[in-house]
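Participant: One structure, as structure tokens, below. Some questions next.
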Amino acid sequence: WPRTTGRADGAITIAGVDVRDLASEYGTPLYVVDEDDFRSRCRDYRAAFANDDVYYAGKAFLCKEVARWVDQEGLGLDVCSGGELAVALSVGFPPERIALHGNNKSYAELERALRAGVGHIVVDSFDEIARVGYLADQLGVRPKIQIRVTTGVEAHTHEFIATAHDDQKFGLSLGSGAAAEAVRRVLAMPQLELVGLHSHIGSQIFDTAGFEVAARRLALLLTQIKEEHDVFLPELDLGGGYGIAYVEGDDPPDIKVIADSLREIVSRVCENAGIPVPRLTVEPGRAISGPGGVTIYEVGTVKDVEGLRTYVSIDGGMSDNMRTALYGADYTCVLASRNSDALPALSRVVGKHCESGDIVVRDVWLPRDLAAGDLLAVPATGAYCRSLAHNYNYLPRPAVVAVRDGVSRVIVQRETEDDLLRGQA
Ligand code: LLP
């Protein structure tokens, strides 16, 4: 729960705003973002990585207002498409604090980033090195380049969001020598300025050993580059992936502890090799926007399946939260609009889409007197929910409302039917 959440009059308030007021003013489903929670997590990361760089990974949740918050809090922004770049540029986000990611950036995306003067581009393949080199020549610019290295670390997370083993699409493999070859190629292109190495091992990770192993391997590669080419790369980007709590009992890692340990590992390797210690970069997405987001739904139908469980259907579903259907993610929820003394029933919170896998909360105990019109609140939905939202079954995507000090305001409007029909012949 966002730390400002409390209960008043049997209903949940978020940053001093009663969820019943939010539902009646803006409708449901509704994404609610606790602005102070988001901002304070930005500050926690900046404090933990005080001498280093923190980039917010926009893929977790990005809109114009969020880009402004990230800018005001002094973080950089990781974008991985022309669209994310457009959001950042539209609010005047300083281009030198933008990093461009992606395993298949188009010429158009690369050109736009180069013209805007983004801080660095993380190259992900030999094809891309050639593309950026060609465009840099054409445009007469000399972009800063990081090389994304696949470190071979097995991240303990869902298969779809683990990214450092060799058999997946991202990066250039350390083990096969592709990463070293990429270094050679970039160094051979005078129009590119190689500034660092990058690694992202996966997402929603609790076991910090993976980050440490990846950091050590990248630092060792840095020392080898110094030896082989007599070039010191000043930046080591360790990606994102720091897990957050979704349900009771989840115990996410302490970012301060991780920061100290990563810095110590990298320093030790570099000092042993007699080279300077590079600047570290981290790219948290979920850990910044996730915990401060709550989704509010209205209950529609309640169905007891005798001897099994109660199915509680809400007015959204897999179109506003794909994560349960896609990764088997765990969520919880509570009755948010009133108190209830009724006994609990084992319940499954499901959406209104035409699939039985359309589940938001797989197992949760909810009061037996739950009925149409009640509001449910699902916490920890600030990351990868709005950003993965879609229009399956022609459901409009919900609005996003920011709350702070008892005041709410729309930062992304709810889609309308006109939005859904726009552009059709
Ligand atoms: N940096 C890079 C290069 C990334 O690919 C990602 C996430 C991040 C940073 C941020 O990772 P975070 O700190 O948010 O874990 N849709 C999935 C997560 C996909 C993550 C993709 N890359 C989910 O809902 O769990």
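Every chain in the structure tokens has a letter given in the order shown (A, B, ...), and although residue numbers restart at 1 in each chain, ligands are simply numbered from 1 in the order shown.
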Set the distance at 8 Å and use only C-alpha atoms: which residues neighbour Leu388 of chain A once local chain neighbours fewer than 4 positions away are removed? I'd like the list as a tab-separated table (two decimals) with N, CA and C atoms, in the first residue's frame.

Facilitator:
```tsv
chain	number	residue	atom	x	y	z
A	320	ASP	N	-6.68	-3.97	-18.20
A	320	ASP	CA	-5.99	-2.94	-17.41
A	320	ASP	C	-4.91	-3.54	-16.53
A	321	ASN	N	-4.92	-4.84	-16.32
A	321	ASN	CA	-3.84	-5.51	-15.59
A	321	ASN	C	-3.60	-6.88	-16.23
A	322	MET	N	-2.62	-6.89	-17.13
A	322	MET	CA	-2.26	-8.10	-17.88
A	322	MET	C	-1.43	-9.07	-17.05
A	384	TYR	N	3.72	-1.38	-14.96
A	384	TYR	CA	3.38	-2.42	-15.93
A	384	TYR	C	1.89	-2.79	-15.90
```

Participant: If you take only C-alpha atoms and all ligand atoms and a cut-off of 8 Å, which residues of chain A touch ligand 1, and what are their nearest atom pairs and distances in Å to one decimal, in chain and number order, as CSV?

Facilitator:
```
residue,atom,partner,partner_atom_place_in_ligand_line,distance
A:Tyr56,CA,ligand 1,10 (C),7.8
A:Ala57,CA,ligand 1,10 (C),5.0
A:Gly58,CA,ligand 1,10 (C),7.9
A:Lys59,CA,ligand 1,7 (C),6.9
A:Ala60,CA,ligand 1,14 (O),5.5
A:Asp78,CA,ligand 1,1 (N),7.1
A:His101,CA,ligand 1,3 (C),6.4
A:Gly102,CA,ligand 1,3 (C),7.5
A:Phe160,CA,ligand 1,17 (C),7.8
A:Ile161,CA,ligand 1,19 (C),5.4
A:Thr163,CA,ligand 1,5 (O),7.9
A:Ser199,CA,ligand 1,3 (C),7.3
A:His200,CA,ligand 1,3 (C),5.3
A:Gly202,CA,ligand 1,15 (O),6.5
A:Ser203,CA,ligand 1,15 (O),3.6
A:Gln204,CA,ligand 1,15 (O),5.2
A:Ile205,CA,ligand 1,15 (O),7.4
A:Gly239,CA,ligand 1,1 (N),4.5
A:Gly240,CA,ligand 1,13 (O),3.8
A:Gly241,CA,ligand 1,15 (O),3.2
A:Tyr242,CA,ligand 1,13 (O),5.2
A:Gly243,CA,ligand 1,15 (O),6.6
A:Val282,CA,ligand 1,9 (C),7.7
A:Glu283,CA,ligand 1,9 (C),4.7
A:Pro284,CA,ligand 1,13 (O),3.6
A:Gly285,CA,ligand 1,14 (O),3.4
A:Arg286,CA,ligand 1,14 (O),3.7
A:Ala287,CA,ligand 1,13 (O),5.9
A:Ile288,CA,ligand 1,13 (O),7.9
A:Met322,CA,ligand 1,24 (O),7.8
A:Arg323,CA,ligand 1,24 (O),5.6
A:Tyr327,CA,ligand 1,25 (O),7.2
A:Ala329,CA,ligand 1,25 (O),7.9
A:Ala383,CA,ligand 1,24 (O),7.0
A:Tyr384,CA,ligand 1,24 (O),4.6
A:Cys385,CA,ligand 1,24 (O),7.1
A:Leu388,CA,ligand 1,16 (N),7.1
```

Participant: With C-alpha atoms kept, could you save the residues just selected as a JSON list (two decimals), in the first residue's frame?

Facilitator:
```
[["chain", "number", "residue", "atom", "x", "y", "z"],
["A", 56, "TYR", "CA", 13.73, 5.87, -14.29],
["A", 57, "ALA", "CA", 12.68, 3.09, -16.71],
["A", 58, "GLY", "CA", 9.70, 4.67, -18.46],
["A", 59, "LYS", "CA", 8.34, 1.34, -19.66],
["A", 60, "ALA", "CA", 7.00, 0.74, -16.13],
["A", 78, "ASP", "CA", 15.27, 5.33, -19.94],
["A", 101, "HIS", "CA", 17.14, 1.32, -25.30],
["A", 102, "GLY", "CA", 15.63, -1.44, -27.40],
["A", 160, "PHE", "CA", 9.40, -13.88, -19.78],
["A", 161, "ILE", "CA", 11.18, -11.21, -17.75],
["A", 163, "THR", "CA", 17.09, -11.25, -19.70],
["A", 199, "SER", "CA", 23.55, -5.13, -18.29],
["A", 200, "HIS", "CA", 19.95, -5.78, -17.30],
["A", 202, "GLY", "CA", 15.62, -9.24, -15.52],
["A", 203, "SER", "CA", 12.75, -7.82, -13.55],
["A", 204, "GLN", "CA", 10.98, -8.34, -10.19],
["A", 205, "ILE", "CA", 14.13, -9.83, -8.66],
["A", 239, "GLY", "CA", 20.00, -1.89, -15.40],
["A", 240, "GLY", "CA", 16.86, -2.25, -13.29],
["A", 241, "GLY", "CA", 14.90, -5.19, -11.95],
["A", 242, "TYR", "CA", 14.57, -4.50, -8.22],
["A", 243, "GLY", "CA", 11.54, -6.39, -6.95],
["A", 282, "VAL", "CA", 20.81, 1.96, -12.39],
["A", 283, "GLU", "CA", 17.45, 1.95, -14.16],
["A", 284, "PRO", "CA", 14.65, 1.11, -11.73],
["A", 285, "GLY", "CA", 11.14, 1.20, -13.15],
["A", 286, "ARG", "CA", 8.82, -0.96, -11.07],
["A", 287, "ALA", "CA", 10.52, -0.07, -7.77],
["A", 288, "ILE", "CA", 9.71, 3.61, -8.33],
["A", 322, "MET", "CA", -2.26, -8.10, -17.88],
["A", 323, "ARG", "CA", 0.23, -9.30, -15.32],
["A", 327, "TYR", "CA", 3.09, -14.01, -15.81],
["A", 329, "ALA", "CA", 1.62, -12.64, -11.04],
["A", 383, "ALA", "CA", 4.07, -0.39, -12.78],
["A", 384, "TYR", "CA", 3.38, -2.42, -15.93],
["A", 385, "CYS", "CA", -0.41, -2.12, -15.59],
["A", 388, "LEU", "CA", 0.62, -2.91, -20.65]]
```

Participant: Could you pull out all residues of segment 31-123 of chain A with a DSSP call of helix (DSSP H, G or I) and give them as a PyMOL selection string?

Facilitator: chain A and resi 35-48+58-60+64-72+82-90+95-97+107-116

Participant: Please write the residues from the selection above to a file, keeping C-alpha atoms, as a PDB file, in the first residue's frame.

Facilitator:
```pdb
ATOM      1  CA  GLU A  35       2.487  11.333  -6.284  1.00  0.00           C
ATOM      2  CA  ASP A  36       4.481  11.714  -3.059  1.00  0.00           C
ATOM      3  CA  ASP A  37       5.144   7.987  -2.974  1.00  0.00           C
ATOM      4  CA  PHE A  38       6.538   8.117  -6.513  1.00  0.00           C
ATOM      5  CA  ARG A  39       8.657  11.165  -5.737  1.00  0.00           C
ATOM      6  CA  SER A  40       9.991   9.787  -2.461  1.00  0.00           C
ATOM      7  CA  ARG A  41      11.120   6.597  -4.173  1.00  0.00           C
ATOM      8  CA  CYS A  42      12.966   8.698  -6.745  1.00  0.00           C
ATOM      9  CA  ARG A  43      14.715  10.409  -3.827  1.00  0.00           C
ATOM     10  CA  ASP A  44      15.490   7.126  -2.067  1.00  0.00           C
ATOM     11  CA  TYR A  45      17.217   5.860  -5.213  1.00  0.00           C
ATOM     12  CA  ARG A  46      19.123   9.081  -5.687  1.00  0.00           C
ATOM     13  CA  ALA A  47      20.248   8.938  -2.046  1.00  0.00           C
ATOM     14  CA  ALA A  48      21.302   5.281  -2.269  1.00  0.00           C
ATOM     15  CA  GLY A  58       9.703   4.672 -18.465  1.00  0.00           C
ATOM     16  CA  LYS A  59       8.335   1.339 -19.659  1.00  0.00           C
ATOM     17  CA  ALA A  60       7.001   0.744 -16.127  1.00  0.00           C
ATOM     18  CA  LYS A  64       3.726  13.527 -19.602  1.00  0.00           C
ATOM     19  CA  GLU A  65       3.156  14.261 -15.927  1.00  0.00           C
ATOM     20  CA  VAL A  66       5.320  11.352 -14.786  1.00  0.00           C
ATOM     21  CA  ALA A  67       8.093  12.567 -17.090  1.00  0.00           C
ATOM     22  CA  ARG A  68       7.848  15.977 -15.356  1.00  0.00           C
ATOM     23  CA  TRP A  69       8.101  14.357 -11.902  1.00  0.00           C
ATOM     24  CA  VAL A  70      11.157  12.380 -12.990  1.00  0.00           C
ATOM     25  CA  ASP A  71      12.755  15.532 -14.361  1.00  0.00           C
ATOM     26  CA  GLN A  72      11.972  17.563 -11.240  1.00  0.00           C
ATOM     27  CA  GLY A  82      10.105   6.459 -30.412  1.00  0.00           C
ATOM     28  CA  GLY A  83       6.806   6.835 -28.551  1.00  0.00           C
ATOM     29  CA  GLU A  84       8.419   6.942 -25.107  1.00  0.00           C
ATOM     30  CA  LEU A  85      10.991   9.385 -26.465  1.00  0.00           C
ATOM     31  CA  ALA A  86       8.163  11.547 -27.802  1.00  0.00           C
ATOM     32  CA  VAL A  87       6.507  11.706 -24.364  1.00  0.00           C
ATOM     33  CA  ALA A  88       9.786  12.828 -22.792  1.00  0.00           C
ATOM     34  CA  LEU A  89      10.551  15.432 -25.442  1.00  0.00           C
ATOM     35  CA  SER A  90       6.991  16.769 -25.370  1.00  0.00           C
ATOM     36  CA  PRO A  95      17.682  15.141 -23.775  1.00  0.00           C
ATOM     37  CA  GLU A  96      21.134  14.718 -22.259  1.00  0.00           C
ATOM     38  CA  ARG A  97      19.470  12.807 -19.386  1.00  0.00           C
ATOM     39  CA  TYR A 107      16.346   4.098 -38.360  1.00  0.00           C
ATOM     40  CA  ALA A 108      13.582   6.623 -37.677  1.00  0.00           C
ATOM     41  CA  GLU A 109      13.832   6.130 -33.895  1.00  0.00           C
ATOM     42  CA  LEU A 110      17.611   6.326 -33.953  1.00  0.00           C
ATOM     43  CA  GLU A 111      17.573   9.404 -36.132  1.00  0.00           C
ATOM     44  CA  ARG A 112      15.095  11.170 -33.889  1.00  0.00           C
ATOM     45  CA  ALA A 113      17.191  10.342 -30.818  1.00  0.00           C
ATOM     46  CA  LEU A 114      20.372  11.568 -32.497  1.00  0.00           C
ATOM     47  CA  ARG A 115      18.749  14.793 -33.663  1.00  0.00           C
ATOM     48  CA  ALA A 116      17.346  15.379 -30.161  1.00  0.00           C
TER      49      ALA A 116
END
```

Participant: Closest to Asp18 of chain A among A:Gln168, A:Ile296, A:Pro367, A:Arg414, using only C-alpha atoms?

Facilitator: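 Residue with the minimum atom-to-atom distance to Asp18 of chain A: A:Ile296.
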
Participant: Counting only C-alpha atoms, which of A:Leu395, A:Val33, A:Ala345, A:Met189 gets nearest to Thr381 of chain A?

Facilitator: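 Closest to Thr381 of chain A of all the choices is A:Val33.
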
Participant: Just checking: using only C-alpha atoms, which residue out of A:Thr332, A:Val231, A:Phe206, A:Val299 ends up closest to Asp254 of chain A?

Facilitator: A:Phe206

Participant: Using Å and a single decimal, report how far atom CA of Ala325 of chain A sits from atom CA of Gly152 of chain A.

Facilitator: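 Atom CA of Ala325 of chain A lies 27.8 Å from atom CA of Gly152 of chain A.
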